[in-house]
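Content type PDB, C-alpha atoms, from the file model_38.pdb:
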```pdb
ATOM      1  CA  MET A   2       1.668  38.357  10.947
ATOM      2  CA  THR A   3       2.605  41.270   8.739
ATOM      3  CA  GLU A   4       1.306  39.862   5.471
ATOM      4  CA  GLN A   5      -1.843  37.957   4.528
ATOM      5  CA  LEU A   6      -1.056  34.246   4.292
ATOM      6  CA  ARG A   7      -2.376  32.441   1.232
ATOM      7  CA  LEU A   8      -2.550  28.713   0.523
ATOM      8  CA  MET A   9      -3.268  27.191  -2.904
ATOM      9  CA  ALA A  10      -4.224  23.518  -3.192
ATOM     10  CA  VAL A  11      -4.073  22.096  -6.733
ATOM     11  CA  HIS A  12      -6.324  19.068  -7.321
ATOM     12  CA  ALA A  13      -7.350  16.938 -10.280
ATOM     13  CA  HIS A  14     -11.112  16.512  -9.779
ATOM     14  CA  PRO A  15     -13.960  17.852  -7.657
ATOM     15  CA  ASP A  16     -13.949  15.748  -4.426
ATOM     16  CA  ASP A  17     -10.120  15.465  -4.280
ATOM     17  CA  GLU A  18      -9.970  18.636  -2.196
ATOM     18  CA  SER A  19     -12.281  17.071   0.401
ATOM     19  CA  SER A  20     -10.444  13.742   0.660
ATOM     20  CA  LYS A  21      -6.917  15.200   0.722
ATOM     21  CA  GLY A  22      -6.048  17.958   3.135
ATOM     22  CA  ALA A  23      -9.559  19.277   3.776
ATOM     23  CA  ALA A  24      -9.171  19.510   7.560
ATOM     24  CA  THR A  25      -5.902  21.382   7.082
ATOM     25  CA  MET A  26      -7.597  23.893   4.798
ATOM     26  CA  ALA A  27     -10.518  24.376   7.199
ATOM     27  CA  LYS A  28      -8.061  24.955  10.052
ATOM     28  CA  TYR A  29      -6.203  27.625   8.100
ATOM     29  CA  VAL A  30      -9.455  29.291   7.036
ATOM     30  CA  SER A  31     -10.405  29.512  10.731
ATOM     31  CA  GLU A  32      -7.093  31.303  11.365
ATOM     32  CA  GLY A  33      -7.745  33.897   8.673
ATOM     33  CA  VAL A  34      -5.589  32.334   5.939
ATOM     34  CA  ASP A  35      -6.849  32.857   2.390
ATOM     35  CA  VAL A  36      -7.282  29.389   0.831
ATOM     36  CA  LEU A  37      -7.858  28.688  -2.874
ATOM     37  CA  VAL A  38      -8.520  25.263  -4.367
ATOM     38  CA  VAL A  39      -7.661  24.912  -8.050
ATOM     39  CA  THR A  40      -9.596  22.053  -9.699
ATOM     40  CA  CYS A  41      -7.987  20.983 -12.968
ATOM     41  CA  THR A  42     -10.926  19.058 -14.489
ATOM     42  CA  GLY A  43     -14.692  18.893 -14.114
ATOM     43  CA  GLY A  44     -14.765  15.192 -13.259
ATOM     44  CA  GLU A  45     -16.820  14.532 -16.394
ATOM     45  CA  ARG A  46     -15.620  10.936 -16.792
ATOM     46  CA  GLY A  47     -15.824  10.014 -13.131
ATOM     47  CA  SER A  48     -17.915   6.986 -12.235
ATOM     48  CA  ILE A  49     -20.869   7.233  -9.859
ATOM     49  CA  LEU A  50     -19.265   5.540  -6.860
ATOM     50  CA  ASN A  51     -22.126   5.924  -4.391
ATOM     51  CA  PRO A  52     -24.276   2.781  -4.834
ATOM     52  CA  LYS A  53     -27.347   4.702  -3.663
ATOM     53  CA  LEU A  54     -27.140   6.946  -6.748
ATOM     54  CA  GLN A  55     -26.050   4.422  -9.366
ATOM     55  CA  GLY A  56     -28.525   3.978 -12.189
ATOM     56  CA  ASP A  57     -29.934   7.499 -11.818
ATOM     57  CA  ALA A  58     -30.484   8.569 -15.433
ATOM     58  CA  TYR A  59     -30.414  12.307 -14.701
ATOM     59  CA  ILE A  60     -27.101  12.110 -12.848
ATOM     60  CA  GLU A  61     -25.549   9.921 -15.539
ATOM     61  CA  GLU A  62     -26.605  12.351 -18.263
ATOM     62  CA  HIS A  63     -25.651  15.525 -16.362
ATOM     63  CA  ILE A  64     -22.623  14.322 -14.376
ATOM     64  CA  HIS A  65     -20.619  17.463 -15.146
ATOM     65  CA  GLU A  66     -23.305  19.808 -13.808
ATOM     66  CA  VAL A  67     -24.007  17.561 -10.813
ATOM     67  CA  ARG A  68     -20.358  17.432  -9.808
ATOM     68  CA  LYS A  69     -20.079  21.204 -10.183
ATOM     69  CA  LYS A  70     -22.961  21.668  -7.725
ATOM     70  CA  GLU A  71     -21.323  19.189  -5.347
ATOM     71  CA  MET A  72     -18.126  21.229  -5.526
ATOM     72  CA  ASP A  73     -20.073  24.414  -4.794
ATOM     73  CA  GLU A  74     -21.484  22.831  -1.646
ATOM     74  CA  ALA A  75     -18.118  21.476  -0.480
ATOM     75  CA  ARG A  76     -16.520  24.871  -1.091
ATOM     76  CA  GLU A  77     -19.078  26.557   1.164
ATOM     77  CA  ILE A  78     -18.600  23.963   3.896
ATOM     78  CA  LEU A  79     -14.817  24.385   3.899
ATOM     79  CA  GLY A  80     -14.961  28.169   3.630
ATOM     80  CA  ILE A  81     -12.490  28.227   0.756
ATOM     81  CA  LYS A  82     -12.301  29.886  -2.638
ATOM     82  CA  GLN A  83     -12.211  27.682  -5.739
ATOM     83  CA  GLU A  84     -11.295  28.017  -9.412
ATOM     84  CA  TRP A  85     -11.633  25.612 -12.336
ATOM     85  CA  LEU A  86      -8.730  25.245 -14.769
ATOM     86  CA  GLY A  87     -11.192  23.991 -17.392
ATOM     87  CA  PHE A  88      -9.529  20.781 -18.581
ATOM     88  CA  VAL A  89     -11.497  17.628 -19.466
ATOM     89  CA  ASP A  90     -11.362  14.589 -17.178
ATOM     90  CA  SER A  91      -9.261  11.776 -18.661
ATOM     91  CA  GLY A  92     -11.082   8.949 -16.893
ATOM     92  CA  LEU A  93      -9.295   6.023 -15.256
ATOM     93  CA  PRO A  94      -8.275   3.515 -17.951
ATOM     94  CA  GLU A  95      -9.055  -0.101 -17.090
ATOM     95  CA  GLY A  96      -8.179  -3.372 -18.794
ATOM     96  CA  ASP A  97      -5.136  -5.269 -20.007
ATOM     97  CA  PRO A  98      -3.759  -3.815 -22.134
ATOM     98  CA  LEU A  99      -4.986  -0.396 -21.021
ATOM     99  CA  PRO A 100      -7.045   1.436 -23.653
ATOM    100  CA  PRO A 101      -5.718   4.723 -25.043
ATOM    101  CA  LEU A 102      -6.711   7.926 -23.283
ATOM    102  CA  PRO A 103      -9.589   9.858 -24.890
ATOM    103  CA  GLU A 104      -8.664  12.600 -27.320
ATOM    104  CA  GLY A 105      -8.670  16.097 -25.836
ATOM    105  CA  CYS A 106      -8.400  14.956 -22.230
ATOM    106  CA  PHE A 107      -6.285  16.645 -19.549
ATOM    107  CA  ALA A 108      -3.596  13.957 -19.408
ATOM    108  CA  LEU A 109      -2.855  14.403 -23.127
ATOM    109  CA  GLU A 110      -2.428  18.184 -22.946
ATOM    110  CA  ASP A 111       0.990  19.696 -23.529
ATOM    111  CA  VAL A 112       2.464  20.112 -20.026
ATOM    112  CA  GLU A 113       4.097  23.493 -20.631
ATOM    113  CA  GLU A 114       0.988  24.886 -22.280
ATOM    114  CA  ALA A 115      -1.373  23.537 -19.622
ATOM    115  CA  ALA A 116       0.843  24.928 -16.856
ATOM    116  CA  GLY A 117       0.266  28.414 -18.247
ATOM    117  CA  ARG A 118      -3.302  28.442 -16.904
ATOM    118  CA  LEU A 119      -2.023  27.600 -13.432
ATOM    119  CA  VAL A 120       0.748  30.198 -13.646
ATOM    120  CA  LYS A 121      -1.911  32.840 -14.310
ATOM    121  CA  LEU A 122      -3.841  31.827 -11.183
ATOM    122  CA  ILE A 123      -0.673  31.728  -9.055
ATOM    123  CA  ARG A 124       0.229  35.239 -10.170
ATOM    124  CA  GLU A 125      -3.285  36.480  -9.445
ATOM    125  CA  PHE A 126      -3.731  34.779  -6.048
ATOM    126  CA  LYS A 127      -0.091  35.083  -4.874
ATOM    127  CA  PRO A 128       0.119  32.029  -2.598
ATOM    128  CA  GLN A 129       3.155  31.576  -0.369
ATOM    129  CA  VAL A 130       2.405  27.840  -0.160
ATOM    130  CA  ILE A 131       1.107  25.355  -2.750
ATOM    131  CA  THR A 132       0.023  21.751  -2.148
ATOM    132  CA  THR A 133      -0.467  19.067  -4.794
ATOM    133  CA  TYR A 134       0.330  15.381  -5.479
ATOM    134  CA  ASP A 135       3.662  13.600  -5.709
ATOM    135  CA  GLU A 136       5.059  12.220  -8.968
ATOM    136  CA  ASN A 137       2.845   9.125  -8.641
ATOM    137  CA  GLY A 138      -0.251  11.268  -8.320
ATOM    138  CA  GLY A 139      -0.959   9.830  -4.874
ATOM    139  CA  TYR A 140      -2.331   6.964  -6.908
ATOM    140  CA  PRO A 141      -1.662   6.460 -10.618
ATOM    141  CA  HIS A 142      -4.681   8.214 -12.119
ATOM    142  CA  PRO A 143      -3.497   9.997 -15.284
ATOM    143  CA  ASP A 144      -5.117  13.271 -14.175
ATOM    144  CA  HIS A 145      -3.388  13.165 -10.803
ATOM    145  CA  ILE A 146      -0.030  12.606 -12.449
ATOM    146  CA  MET A 147      -0.707  15.440 -14.898
ATOM    147  CA  THR A 148      -1.712  17.688 -11.988
ATOM    148  CA  HIS A 149       1.685  17.009 -10.419
ATOM    149  CA  LYS A 150       3.473  17.798 -13.666
ATOM    150  CA  ILE A 151       1.818  21.139 -14.349
ATOM    151  CA  THR A 152       2.140  22.225 -10.712
ATOM    152  CA  MET A 153       5.882  21.577 -10.733
ATOM    153  CA  VAL A 154       6.293  23.597 -13.930
ATOM    154  CA  ALA A 155       4.070  26.402 -12.653
ATOM    155  CA  PHE A 156       5.847  26.644  -9.280
ATOM    156  CA  GLU A 157       9.150  27.266 -11.032
ATOM    157  CA  ALA A 158       7.778  29.504 -13.787
ATOM    158  CA  ALA A 159       5.423  31.771 -11.839
ATOM    159  CA  GLY A 160       8.254  33.900 -10.468
ATOM    160  CA  ASP A 161      10.196  34.101 -13.725
ATOM    161  CA  PRO A 162       9.367  37.220 -15.763
ATOM    162  CA  ALA A 163      10.708  35.522 -18.883
ATOM    163  CA  LYS A 164       8.133  32.711 -18.608
ATOM    164  CA  TYR A 165       4.495  33.186 -19.616
ATOM    165  CA  PRO A 166       4.848  36.974 -20.030
ATOM    166  CA  ASP A 167       1.121  37.342 -20.766
ATOM    167  CA  ALA A 168       0.039  35.613 -17.537
ATOM    168  CA  GLY A 169       0.454  38.588 -15.196
ATOM    169  CA  GLU A 170       3.109  40.017 -12.902
ATOM    170  CA  PRO A 171       5.586  37.380 -11.641
ATOM    171  CA  TRP A 172       5.022  35.876  -8.190
ATOM    172  CA  GLN A 173       7.265  33.244  -6.584
ATOM    173  CA  PRO A 174       5.617  30.843  -4.098
ATOM    174  CA  GLN A 175       7.935  29.923  -1.229
ATOM    175  CA  LYS A 176       7.004  26.303  -0.475
ATOM    176  CA  LEU A 177       5.535  23.316  -2.310
ATOM    177  CA  TYR A 178       4.118  20.260  -0.559
ATOM    178  CA  TYR A 179       2.829  16.861  -1.622
ATOM    179  CA  ASN A 180      -0.340  15.601   0.095
ATOM    180  CA  GLN A 181       0.534  12.360   1.921
ATOM    181  CA  GLY A 182      -2.573  11.787   4.023
ATOM    182  CA  PHE A 183      -2.887   8.196   2.821
ATOM    183  CA  ASN A 184       0.297   6.964   4.448
ATOM    184  CA  ARG A 185       1.181   3.627   5.962
ATOM    185  CA  GLN A 186       1.985   5.043   9.416
ATOM    186  CA  ARG A 187      -1.509   6.484   9.828
ATOM    187  CA  THR A 188      -3.183   3.386   8.415
ATOM    188  CA  VAL A 189      -1.291   1.038  10.766
ATOM    189  CA  ALA A 190      -1.976   3.242  13.788
ATOM    190  CA  LEU A 191      -5.731   3.360  13.160
ATOM    191  CA  HIS A 192      -5.852  -0.357  12.274
ATOM    192  CA  GLU A 193      -4.111  -1.378  15.503
ATOM    193  CA  ALA A 194      -6.189   1.022  17.602
ATOM    194  CA  LEU A 195      -9.415  -0.534  16.332
ATOM    195  CA  LEU A 196      -8.201  -4.096  16.952
ATOM    196  CA  GLU A 197      -7.027  -3.183  20.470
ATOM    197  CA  ARG A 198     -10.560  -1.987  21.229
ATOM    198  CA  GLY A 199     -12.079  -5.204  19.899
ATOM    199  CA  MET A 200     -13.483  -3.474  16.836
ATOM    200  CA  GLU A 201     -13.400  -4.467  13.192
ATOM    201  CA  SER A 202     -10.838  -2.613  11.074
ATOM    202  CA  PRO A 203     -11.483  -1.653   7.441
ATOM    203  CA  TYR A 204      -7.729  -1.571   6.825
ATOM    204  CA  GLY A 205      -6.687  -5.228   7.206
ATOM    205  CA  GLU A 206      -6.856  -6.264   3.559
ATOM    206  CA  TRP A 207      -5.532  -2.865   2.490
ATOM    207  CA  LEU A 208      -2.401  -3.292   4.617
ATOM    208  CA  GLU A 209      -1.872  -6.855   3.365
ATOM    209  CA  ARG A 210      -1.934  -5.550  -0.200
ATOM    210  CA  TRP A 211       0.142  -2.432   0.478
ATOM    211  CA  SER A 212       3.229  -3.851  -1.233
ATOM    212  CA  GLU A 213       1.161  -4.640  -4.341
ATOM    213  CA  PHE A 214       0.492  -0.935  -4.767
ATOM    214  CA  GLU A 215       4.236  -0.529  -5.467
ATOM    215  CA  ARG A 216       4.287   2.639  -3.414
ATOM    216  CA  ARG A 217       7.611   3.449  -1.844
ATOM    217  CA  GLU A 218       7.477   4.848   1.654
ATOM    218  CA  ARG A 219       7.338   8.628   1.447
ATOM    219  CA  THR A 220       9.168  11.018   3.741
ATOM    220  CA  LEU A 221       6.565  12.691   5.923
ATOM    221  CA  THR A 222       7.954  16.081   6.883
ATOM    222  CA  THR A 223       4.922  18.012   8.102
ATOM    223  CA  TYR A 224       2.168  16.976  10.503
ATOM    224  CA  VAL A 225      -0.585  19.612  10.695
ATOM    225  CA  PRO A 226      -2.754  19.276  13.840
ATOM    226  CA  CYS A 227      -6.325  19.613  12.602
ATOM    227  CA  ALA A 228      -8.486  17.108  14.516
ATOM    228  CA  ASP A 229     -10.955  19.846  15.452
ATOM    229  CA  PHE A 230     -11.816  20.098  11.759
ATOM    230  CA  PHE A 231     -12.319  16.402  10.949
ATOM    231  CA  GLU A 232     -16.115  16.805  11.113
ATOM    232  CA  ILE A 233     -15.947  19.648   8.574
ATOM    233  CA  ARG A 234     -13.731  17.464   6.358
ATOM    234  CA  ASP A 235     -16.272  14.642   6.450
ATOM    235  CA  LYS A 236     -19.193  16.984   5.794
ATOM    236  CA  ALA A 237     -17.395  18.376   2.718
ATOM    237  CA  LEU A 238     -16.632  14.865   1.522
ATOM    238  CA  ILE A 239     -20.268  13.768   1.876
ATOM    239  CA  ALA A 240     -21.266  16.806  -0.212
ATOM    240  CA  HIS A 241     -19.707  14.967  -3.173
ATOM    241  CA  ALA A 242     -22.657  12.586  -3.108
ATOM    242  CA  THR A 243     -21.934  10.873  -6.445
ATOM    243  CA  GLN A 244     -18.450   9.932  -5.267
ATOM    244  CA  ILE A 245     -18.897   9.087  -1.602
ATOM    245  CA  ASP A 246     -21.188   6.598   0.160
ATOM    246  CA  PRO A 247     -21.890   8.063   3.619
ATOM    247  CA  ASP A 248     -22.167   4.501   4.903
ATOM    248  CA  GLY A 249     -18.926   3.426   3.231
ATOM    249  CA  GLY A 250     -15.370   2.715   4.324
ATOM    250  CA  TRP A 251     -14.368   6.360   4.586
ATOM    251  CA  PHE A 252     -16.389   6.698   7.767
ATOM    252  CA  ARG A 253     -15.889   3.367   9.547
ATOM    253  CA  VAL A 254     -13.374   4.636  12.108
ATOM    254  CA  PRO A 255     -15.205   6.380  14.977
ATOM    255  CA  MET A 256     -14.402  10.083  15.155
ATOM    256  CA  ASP A 257     -13.147   9.946  18.747
ATOM    257  CA  ILE A 258     -10.622   7.259  17.805
ATOM    258  CA  GLN A 259      -9.428   9.246  14.795
ATOM    259  CA  LYS A 260      -8.902  12.345  16.926
ATOM    260  CA  GLU A 261      -7.097  10.445  19.687
ATOM    261  CA  VAL A 262      -4.899   8.176  17.596
ATOM    262  CA  TRP A 263      -4.028  10.346  14.576
ATOM    263  CA  PRO A 264      -5.011  14.016  14.978
ATOM    264  CA  THR A 265      -2.961  15.356  12.046
ATOM    265  CA  GLU A 266      -2.824  15.493   8.239
ATOM    266  CA  GLU A 267       0.526  14.776   6.649
ATOM    267  CA  TYR A 268       2.590  16.390   3.908
ATOM    268  CA  GLU A 269       5.948  15.954   2.224
ATOM    269  CA  LEU A 270       7.925  19.155   1.736
ATOM    270  CA  ALA A 271       9.049  18.986  -1.887
ATOM    271  CA  LYS A 272      10.478  22.485  -2.420
ATOM    272  CA  SER A 273      11.283  25.322  -0.032
ATOM    273  CA  LEU A 274      12.848  28.702  -0.696
ATOM    274  CA  VAL A 275      12.806  29.554   3.030
ATOM    275  CA  ASP A 276      14.667  28.069   5.983
ATOM    276  CA  THR A 277      12.663  25.609   8.033
ATOM    277  CA  SER A 278      13.446  22.760  10.405
ATOM    278  CA  LEU A 279      11.884  19.322  10.024
ATOM    279  CA  PRO A 280       9.565  17.919  11.134
ATOM    280  CA  GLU A 281       7.090  20.810  10.876
ATOM    281  CA  ASP A 282       3.579  21.304  12.242
ATOM    282  CA  ASP A 283       2.708  24.242   9.972
ATOM    283  CA  LEU A 284       2.740  24.604   6.180
ATOM    284  CA  PHE A 285       3.766  28.227   6.723
ATOM    285  CA  ALA A 286       6.778  27.380   8.932
ATOM    286  CA  GLY A 287       9.616  29.707   7.920
ATOM    287  CA  ILE A 288       7.157  32.146   6.313
ATOM    288  CA  ARG A 289       5.137  33.500   9.239
ATOM    289  CA  ASN A 290       6.595  36.763  10.520
ATOM    290  CA  ASN A 291       9.524  36.574   8.085
TER
END
```

Encoding of this model in structure tokens:
Amino acid sequence: MTEQLRLMAVHAHPDDESSKGAATMAKYVSEGVDVLVVTCTGGERGSILNPKLQGDAYIEEHIHEVRKKEMDEAREILGIKQEWLGFVDSGLPEGDPLPPLPEGCFALEDVEEAAGRLVKLIREFKPQVITTYDENGGYPHPDHIMTHKITMVAFEAAGDPAKYPDAGEPWQPQKLYYNQGFNRQRTVALHEALLERGMESPYGEWLERWSEFERRERTLTTYVPCADFFEIRDKALIAHATQIDPDGGWFRVPMDIQKEVWPTEEYELAKSLVDTSLPEDDLFAGIRNN
């Protein structure tokens, strides 16, 4: 390896980095890859999802500071670097019809202008590979969709000296991936493995409702073997205590079954400026030793 490898993962909120691709990042950190998570918002409008912490007046009043501390802990567990883009959480609108998004939130920012902050970080960090969400945001949270939009703009603009001239020296990333860890193939495999062992599966109702989610099947191009880092992934996820119940559905599949049945995290190669052959088992395929 003649050049330091660098991976940038662009996420919407603190905790997204630990639920999407965390084992992959920990694996690359262990190999000496420089990994930077970019968190677009502070998660200020996120609900307290852990029932054990609901109703805590201090947390409710200081959710921004609490989630920042959770992110600090998760960052240390994963061994990554992390930067905040500084946008304000849009919240997840609920109701019919949906209420308007709050003024000043991330999802209402001008895409080209917001992408400038990410371009600056790309030019400073110089990643060869970037990961983010697909055009549906992984799920249709307005901040996830906005994260996709600004990442696509920034990937194209970062290497263009005519774009964002005040954001530093141009740098062109070589590959862009969409996180696809929540895919039907993995869910079916784990579901069937649990039933075969006479165990209860948390995925039955989820699979029955899969078509309701209106999610088209994605093309999985890249399967990163990272089972040895699943425990680190879970530890980082639990660090986001306001968002994750350690006794909840995230952790109902025994670790040995996860490692045996589905020992990878999955990605969809969205853009590549280097030659690679699919399927891949490495986000840096076509880049290492080039």

(request) Please provide as a PyMOL selection string all residues within 9 Å of Glu281 (chain A), with the sequence filter that same-chain residues fewer than 2 positions apart are discarded (counting only C-alpha atoms). (result) chain A and resi 222-225+277-279+283-284+286

(request) Could you give me, as a PyMOL selection string, the residues within 6 Å of region 60-65 of chain A, counting only C-alpha atoms and dropping anything in the same chain fewer than 3 positions from it? (result) chain A and resi 45+57+68

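What the PyMOL selection byres ((chain A and resi 256-266) around 6) picks from this file is Gly182, Tyr224, Val225, Pro226, Cys227, Ala228, Pro255 and Glu267 of chain A.
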
(request) Enter the distance from CA of Pro15 (chain A) to CA of Gly44 (chain A), in Å, rounded to one decimal. (result)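 Those two atoms sit 6.3 Å apart.
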
(request) Point out the residue among A:Ile131, A:Ala194, A:Ile81, A:Leu54 with the least atom-to-atom distance to Ala24 (chain A), counting all atoms listed in the file. (result)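 So, comparing all the options, the nearest one is A:Ile81.
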
(request) Choose the residue, out of A:Val38, A:Cys106, A:Leu270, A:Leu122, that has the smallest atom-to-atom separation from Ala75 (chain A); count only C-alpha atoms. (result)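 Residue with the minimum atom-to-atom distance to Ala75 (chain A): A:Val38.
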
(request) Would you please work out which residue, of A:Asp97, A:Glu4, A:Glu74, A:Asp144, is nearest to Gly43 (chain A) when using all atoms listed in the file? (result)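 Smallest separation from Gly43 (chain A) among the options: A:Asp144.
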